[in-house]
Amino acid sequence: MSTFDFPPSIASRPTYGALAPRAGAAQIMLADAEGAEALLAVAQADPELMHRAHVIYIPKHTGERFTDPLRAAAPDILHIAPSYPACTQRLHRVFSAAPMGAQIYLAGTEGLIGQAMALALQIGIPKSAIQTEHRGSVARRVQCVHCKGITEDVMTDPFQCGHCGLNLFVRDHYSRRLAAFQGVCIDAEDPGNVPPSVELYS
Amino acid sequence: MTIQFNDETFRDDYTFRNSEWAIRRFPFPFHEDSYMYSVNMERHRGGPEGSVYEKRFDVDEHYISEMRDRAQVLADDPLRCQSLPHMTLAGWDLLELIMVSKSEDYPDLFELHRDGATWRWVNKPLGIDDTFTFMDESSLPYGPMEYITRQTQGDFAVLDQRENNLWMDAGMVTTQADWSLDFDIGMNFFEWHAPVPMAHEMGVFKRALKFLLNVQQGSPARRLNWTMTVNPLLDTSPENYHKWGIQKTMLTPENVGRKQHLRVELQTFFRLPRSNALVFPIRCYLIALEDLVTVPKWGRRLHRVIRDLPEELATYKGFIDNRPMILDYLSQYDDGQTTSPGIWPDLDTEPPLRR
């Protein structure tokens, strides 16, 4: 099963629900990797709704596993993208053209949900029209508070910033605007004393 | 009185010092011998003559040097001052509030001459004499919020009010107790306070928000907050923590009185007239322990507060490792005598230290 129960946390940390079909003037769906399972669940609950949907899907490590089932669900448009950056311009175009009452479905990793959510809100889509469901990897998108560089798919704590090289611990403090958690230098008060990395939530 | 401005630094060689005058008027934050979170709000309508509460925006001997430090922080990292696009009107509101307040409260230092939309602003301590068009951004060298807060001590968070919440949508933040405007901008009241321990469970933020949503124009409010800082470093930012964090390990029994500072924030809250935004100035005052203990009541009380502070708070405020050394030092100034209620120094009535 690709779901994960996040432990209770602080008020800035996002929480996720479960996607459910919702009537709307347009149906826009975005998922990465195991997030496809959440879209397929919507399709199963309401096949007609899926036939009207514009689906953008990023398989990541899942390869072909979910592309055929998605195709079989027969969305109006199915776009398979190699990465989130590769489809942001398209997503921008689709969100911008969304009519009043459009419904947005975001499913998969926190990094994908967070970035697409920030983009949708920035374009002016109301938060109440956006549903989210976490599936798959619990990797985090983390901003280094020191150099401001963002590292994708962080799986361990602490980790080394991919930009400036500092050893960062990952806070639960989260910025929706940046779609990122905050990473802070772990050995500032004792340089070189970096505890061994452990997998997040292990 | 005429203020004698210090020429001093808040970094590198740390030449910052408080005069006798600044020590006596220091905003000591503890009204009793213990501390716990509370929604300690009161009206901000003046205070005893010479106190930091007297004026709407206190100007003191550190003014010029603090503004120089701010300019340096901004040159190193312009993201310390940001304003989301819908906050420009609030920036003009803030500029007006500060210019009117300072020119009325310190007529010998600041002048504001208004002829319709043409305003002339004279800031004598900083040597500024600018004429601009109110509400015309192109007539100022910076946006209105940045322009005026480069000339006003304290950090500024400008909060938009909507959906029964406050949103940190603009700010000038260079003297912060370890939080990042760049990270927190756009967050609501509960989100930007999310990392604070214990207070959420105590309901402090819910009550505080309820109070703040109802602050009315012309009725500002204030409260004090505090932490501890090694060296008189104004810019204790998360951005630079990998540079300044090491300074916390440089305390010794010999230098603790000189290097360890109590850091107090005078937080005020003003409703702004056009935007209905709330401006939240956070003014930082620093005092070395060796200066603080020259007031016998404060020496006794600070020792008791630090000694009895819950571990979670000492950790959050970042001095848990140094607490034993700080207590060793402060205990010399606590002779066990009772202290008078309230924050004032009470130098004439409180007994001298009994050795």
# chains A, B, ... in the order shown; residues from 1 in each chain; ligands from 1
>>> residues_around(residues="A:Ala129", least_positions_apart="4", cutoff="10 Å", atoms="only C-alpha atoms", output="PyMOL selection string")
chain A and resi 22+24+100-105+120+125
>>> write_last_selection(atoms="C-alpha atoms", output="PDB file, in the first residue's frame")
ATOM      1  CA  ARG A  22     -16.364  16.305  -7.111  1.00  0.00           C
ATOM      2  CA  GLY A  24     -17.051  20.773 -11.453  1.00  0.00           C
ATOM      3  CA  MET A 100     -14.664  29.013 -12.412  1.00  0.00           C
ATOM      4  CA  GLY A 101     -15.665  25.876 -10.570  1.00  0.00           C
ATOM      5  CA  ALA A 102     -12.838  23.714 -11.914  1.00  0.00           C
ATOM      6  CA  GLN A 103     -11.729  20.942  -9.573  1.00  0.00           C
ATOM      7  CA  ILE A 104      -8.042  20.206  -9.034  1.00  0.00           C
ATOM      8  CA  TYR A 105      -6.729  16.828  -7.821  1.00  0.00           C
ATOM      9  CA  ALA A 120      -2.530  26.982  -8.464  1.00  0.00           C
ATOM     10  CA  ILE A 125      -7.558  29.029  -8.006  1.00  0.00           C
TER      11      ILE A 125
END
>>> residues_around(residues="A:Met50", least_positions_apart="3", cutoff="10 Å", atoms="only C-alpha atoms", output="short mmCIF file (atom, residue, chain, number, x, y, z; two decimals) with N, CA, C and O atoms, in the first residue's frame")
data_model
loop_
_atom_site.label_atom_id
_atom_site.label_comp_id
_atom_site.auth_asym_id
_atom_site.auth_seq_id
_atom_site.Cartn_x
_atom_site.Cartn_y
_atom_site.Cartn_z
N PRO A 21 -14.31 12.14 -6.01
CA PRO A 21 -14.87 12.82 -7.18
C PRO A 21 -15.73 14.00 -6.75
O PRO A 21 -16.48 13.88 -5.78
N GLN A 27 -12.10 19.15 -14.78
CA GLN A 27 -11.44 18.22 -13.86
C GLN A 27 -9.97 18.17 -14.24
O GLN A 27 -9.62 17.71 -15.33
N ILE A 28 -9.12 18.67 -13.37
CA ILE A 28 -7.68 18.71 -13.66
C ILE A 28 -6.96 17.87 -12.63
O ILE A 28 -7.11 18.10 -11.42
N MET A 29 -6.20 16.89 -13.09
CA MET A 29 -5.55 15.96 -12.17
C MET A 29 -4.04 15.90 -12.44
O MET A 29 -3.63 15.85 -13.59
N LEU A 39 -5.58 8.62 -8.27
CA LEU A 39 -6.39 9.01 -9.44
C LEU A 39 -7.24 7.84 -9.91
O LEU A 39 -8.41 8.01 -10.27
N LEU A 40 -6.64 6.64 -9.90
CA LEU A 40 -7.39 5.46 -10.35
C LEU A 40 -8.56 5.18 -9.41
O LEU A 40 -9.62 4.71 -9.85
N VAL A 42 -10.29 7.49 -7.91
CA VAL A 42 -11.33 8.45 -8.32
C VAL A 42 -12.04 7.94 -9.57
O VAL A 42 -13.27 7.97 -9.67
N ALA A 43 -11.22 7.40 -10.52
CA ALA A 43 -11.80 6.89 -11.77
C ALA A 43 -12.76 5.73 -11.50
O ALA A 43 -13.81 5.62 -12.13
N GLN A 44 -12.38 4.92 -10.52
CA GLN A 44 -13.22 3.78 -10.19
C GLN A 44 -14.54 4.25 -9.55
O GLN A 44 -15.61 3.71 -9.84
N ALA A 45 -14.43 5.27 -8.72
CA ALA A 45 -15.62 5.78 -8.04
C ALA A 45 -16.55 6.51 -9.00
O ALA A 45 -17.77 6.52 -8.81
N ASP A 46 -15.97 7.13 -10.02
CA ASP A 46 -16.80 7.91 -10.95
C ASP A 46 -16.17 7.90 -12.35
O ASP A 46 -15.50 8.85 -12.75
N PRO A 47 -16.39 6.79 -13.10
CA PRO A 47 -15.74 6.66 -14.42
C PRO A 47 -16.08 7.80 -15.36
O PRO A 47 -15.23 8.25 -16.14
N ALA A 53 -11.63 14.33 -17.65
CA ALA A 53 -10.47 14.89 -16.93
C ALA A 53 -9.26 15.13 -17.84
O ALA A 53 -9.04 14.41 -18.82
N HIS A 54 -8.51 16.16 -17.47
CA HIS A 54 -7.18 16.40 -18.05
C HIS A 54 -6.18 15.89 -17.01
O HIS A 54 -6.08 16.45 -15.92
N VAL A 55 -5.46 14.82 -17.37
CA VAL A 55 -4.55 14.19 -16.41
C VAL A 55 -3.11 14.43 -16.85
O VAL A 55 -2.75 14.19 -18.01
N LEU A 70 -3.93 4.00 -16.25
CA LEU A 70 -4.45 5.36 -16.42
C LEU A 70 -5.07 5.52 -17.81
O LEU A 70 -6.15 6.10 -17.97
N ALA A 73 -8.37 4.02 -18.02
CA ALA A 73 -9.44 4.79 -17.37
C ALA A 73 -10.01 5.84 -18.32
O ALA A 73 -11.01 6.48 -18.02
N ALA A 74 -9.36 6.03 -19.46
CA ALA A 74 -9.83 6.87 -20.56
C ALA A 74 -10.13 8.32 -20.17
O ALA A 74 -11.25 8.80 -20.36
N PRO A 75 -9.13 9.00 -19.61
CA PRO A 75 -9.35 10.44 -19.38
C PRO A 75 -9.45 11.18 -20.71
O PRO A 75 -9.00 10.67 -21.75
N ASP A 76 -10.04 12.36 -20.69
CA ASP A 76 -10.16 13.17 -21.90
C ASP A 76 -8.77 13.44 -22.48
O ASP A 76 -8.53 13.27 -23.68
N ILE A 77 -7.85 13.86 -21.62
CA ILE A 77 -6.47 14.10 -22.04
C ILE A 77 -5.56 13.41 -21.04
O ILE A 77 -5.75 13.55 -19.83
#
>>> residues_around(residues="B:Asp136", least_positions_apart="4", cutoff="10 Å", atoms="only C-alpha atoms", output="list in words")
Trp92, Ala117, Thr118, Phe132, Leu140, Gly143 and Pro144 of chain B
>>> closest_residue(among="B:Asp321, B:Asp184, B:Glu290, B:Asp348", to="A:His173", atoms="only C-alpha atoms")
B:Asp184
>>> closest_residue(among="A:Ser175, A:Ser12, A:Val194, A:Glu189", to="B:Met250", atoms="only C-alpha atoms")
A:Glu189
>>> interface_residues(of="chain A", to="chain B", cutoff="12 Å", atoms="only C-alpha atoms", output="MDAnalysis selection string")
chainID A and resid 9:14 118 121:122 142:149 164:168 171:192
>>> residues_around(residues="A:Thr109", least_positions_apart="4", cutoff="7 Å", atoms="only C-alpha atoms", output="number ranges by chain")
A: 32, 113, 134-138
>>> write_last_selection(atoms="N, CA, C and O atoms", output="CSV table (one decimal), in the first residue's frame")
chain,number,residue,atom,x,y,z
A,32,ASP,N,2.2,12.1,-9.3
A,32,ASP,CA,3.5,11.5,-9.6
A,32,ASP,C,3.6,10.1,-9.0
A,32,ASP,O,2.9,9.8,-8.0
A,113,ILE,N,2.9,17.8,-4.7
A,113,ILE,CA,1.6,18.4,-4.2
A,113,ILE,C,1.9,19.9,-3.8
A,113,ILE,O,1.2,20.8,-4.2
A,134,HIS,N,-1.6,12.3,-0.3
A,134,HIS,CA,-0.2,11.8,-0.3
A,134,HIS,C,-0.2,10.4,-0.6
A,134,HIS,O,-0.9,9.6,-0.1
A,135,ARG,N,0.7,10.0,-1.5
A,135,ARG,CA,1.0,8.6,-1.9
A,135,ARG,C,2.4,8.4,-2.1
A,135,ARG,O,3.1,9.3,-2.7
A,136,GLY,N,2.9,7.3,-1.8
A,136,GLY,CA,4.3,6.9,-2.2
A,136,GLY,C,5.4,7.5,-1.3
A,136,GLY,O,5.2,7.5,0.0
A,137,SER,N,6.5,7.9,-1.8
A,137,SER,CA,7.6,8.3,-1.1
A,137,SER,C,7.3,9.4,-0.1
A,137,SER,O,6.6,10.3,-0.3
A,138,VAL,N,8.0,9.3,1.1
A,138,VAL,CA,7.8,10.4,2.1
A,138,VAL,C,9.0,11.4,2.0
A,138,VAL,O,9.2,12.2,2.9
>>> residues_around(residues="stretch 208-225 of chain B", least_positions_apart="6", cutoff="8 Å", atoms="only C-alpha atoms", output="ChimeraX atom specification")
/B:29,39-45,161,164-166,189,264-273
>>> closest_residue(among="A:Ile80, A:Ile123, A:Ala25, A:Ala139", to="A:Ser96", atoms="only C-alpha atoms")
A:Ile123
>>> atom_distance(atom1="atom CA of B:Leu159", atom2="atom CA of B:Met87")
8.8 Å
>>> atom_distance(atom1="atom CA of B:Asn18", atom2="atom CA of B:Ile287")
7.1 Å
>>> residues_around(residues="A:Thr132", least_positions_apart="5", cutoff="9 Å", atoms="only C-alpha atoms", output="PDB file with N, CA and C atoms, in the first residue's frame")
ATOM      1  N   THR A  15      -1.143  18.844   5.876  1.00  0.00           N
ATOM      2  CA  THR A  15      -1.766  17.534   6.040  1.00  0.00           C
ATOM      3  C   THR A  15      -2.516  17.233   4.740  1.00  0.00           C
ATOM      4  N   TYR A  16      -2.808  15.978   4.524  1.00  0.00           N
ATOM      5  CA  TYR A  16      -3.400  15.568   3.259  1.00  0.00           C
ATOM      6  C   TYR A  16      -4.662  14.754   3.498  1.00  0.00           C
ATOM      7  N   GLY A  17      -5.533  14.756   2.523  1.00  0.00           N
ATOM      8  CA  GLY A  17      -6.774  13.995   2.639  1.00  0.00           C
ATOM      9  C   GLY A  17      -6.781  12.831   1.673  1.00  0.00           C
ATOM     10  N   ALA A  18      -7.952  12.469   1.234  1.00  0.00           N
ATOM     11  CA  ALA A  18      -8.111  11.418   0.227  1.00  0.00           C
ATOM     12  C   ALA A  18      -8.955  12.004  -0.904  1.00  0.00           C
ATOM     13  N   LEU A  19      -8.510  11.779  -2.141  1.00  0.00           N
ATOM     14  CA  LEU A  19      -9.237  12.344  -3.281  1.00  0.00           C
ATOM     15  C   LEU A  19     -10.630  11.718  -3.391  1.00  0.00           C
ATOM     16  N   ILE A 104      -9.441  20.610  -8.869  1.00  0.00           N
ATOM     17  CA  ILE A 104      -8.042  20.206  -9.034  1.00  0.00           C
ATOM     18  C   ILE A 104      -7.772  19.027  -8.103  1.00  0.00           C
ATOM     19  N   TYR A 105      -7.094  18.010  -8.613  1.00  0.00           N
ATOM     20  CA  TYR A 105      -6.729  16.828  -7.821  1.00  0.00           C
ATOM     21  C   TYR A 105      -5.217  16.671  -7.881  1.00  0.00           C
ATOM     22  N   LEU A 106      -4.561  16.674  -6.721  1.00  0.00           N
ATOM     23  CA  LEU A 106      -3.108  16.518  -6.664  1.00  0.00           C
ATOM     24  C   LEU A 106      -2.787  15.289  -5.825  1.00  0.00           C
ATOM     25  N   ALA A 107      -1.940  14.401  -6.358  1.00  0.00           N
ATOM     26  CA  ALA A 107      -1.662  13.169  -5.615  1.00  0.00           C
ATOM     27  C   ALA A 107      -0.230  12.722  -5.838  1.00  0.00           C
ATOM     28  N   GLY A 108       0.385  12.224  -4.779  1.00  0.00           N
ATOM     29  CA  GLY A 108       1.743  11.707  -4.894  1.00  0.00           C
ATOM     30  C   GLY A 108       2.625  12.232  -3.786  1.00  0.00           C
ATOM     31  N   ILE A 113       2.886  17.827  -4.688  1.00  0.00           N
ATOM     32  CA  ILE A 113       1.642  18.443  -4.217  1.00  0.00           C
ATOM     33  C   ILE A 113       1.903  19.906  -3.836  1.00  0.00           C
ATOM     34  N   MET A 117       0.315  23.041  -5.723  1.00  0.00           N
ATOM     35  CA  MET A 117      -0.599  23.835  -4.895  1.00  0.00           C
ATOM     36  C   MET A 117      -0.197  25.305  -4.925  1.00  0.00           C
TER      37      MET A 117
END
>>> residues_around(residues="A:Arg141", least_positions_apart="2", cutoff="6 Å", atoms="only C-alpha atoms", output="ChimeraX atom specification")
/A:111,151-153,180
>>> atom_distance(atom1="atom CA of B:Ser51", atom2="atom CA of B:Leu234")
21.2 Å
>>> closest_residue(among="B:Met168, B:Leu89, B:Leu233, B:Val293", to="B:Phe16", atoms="only C-alpha atoms")
B:Leu233
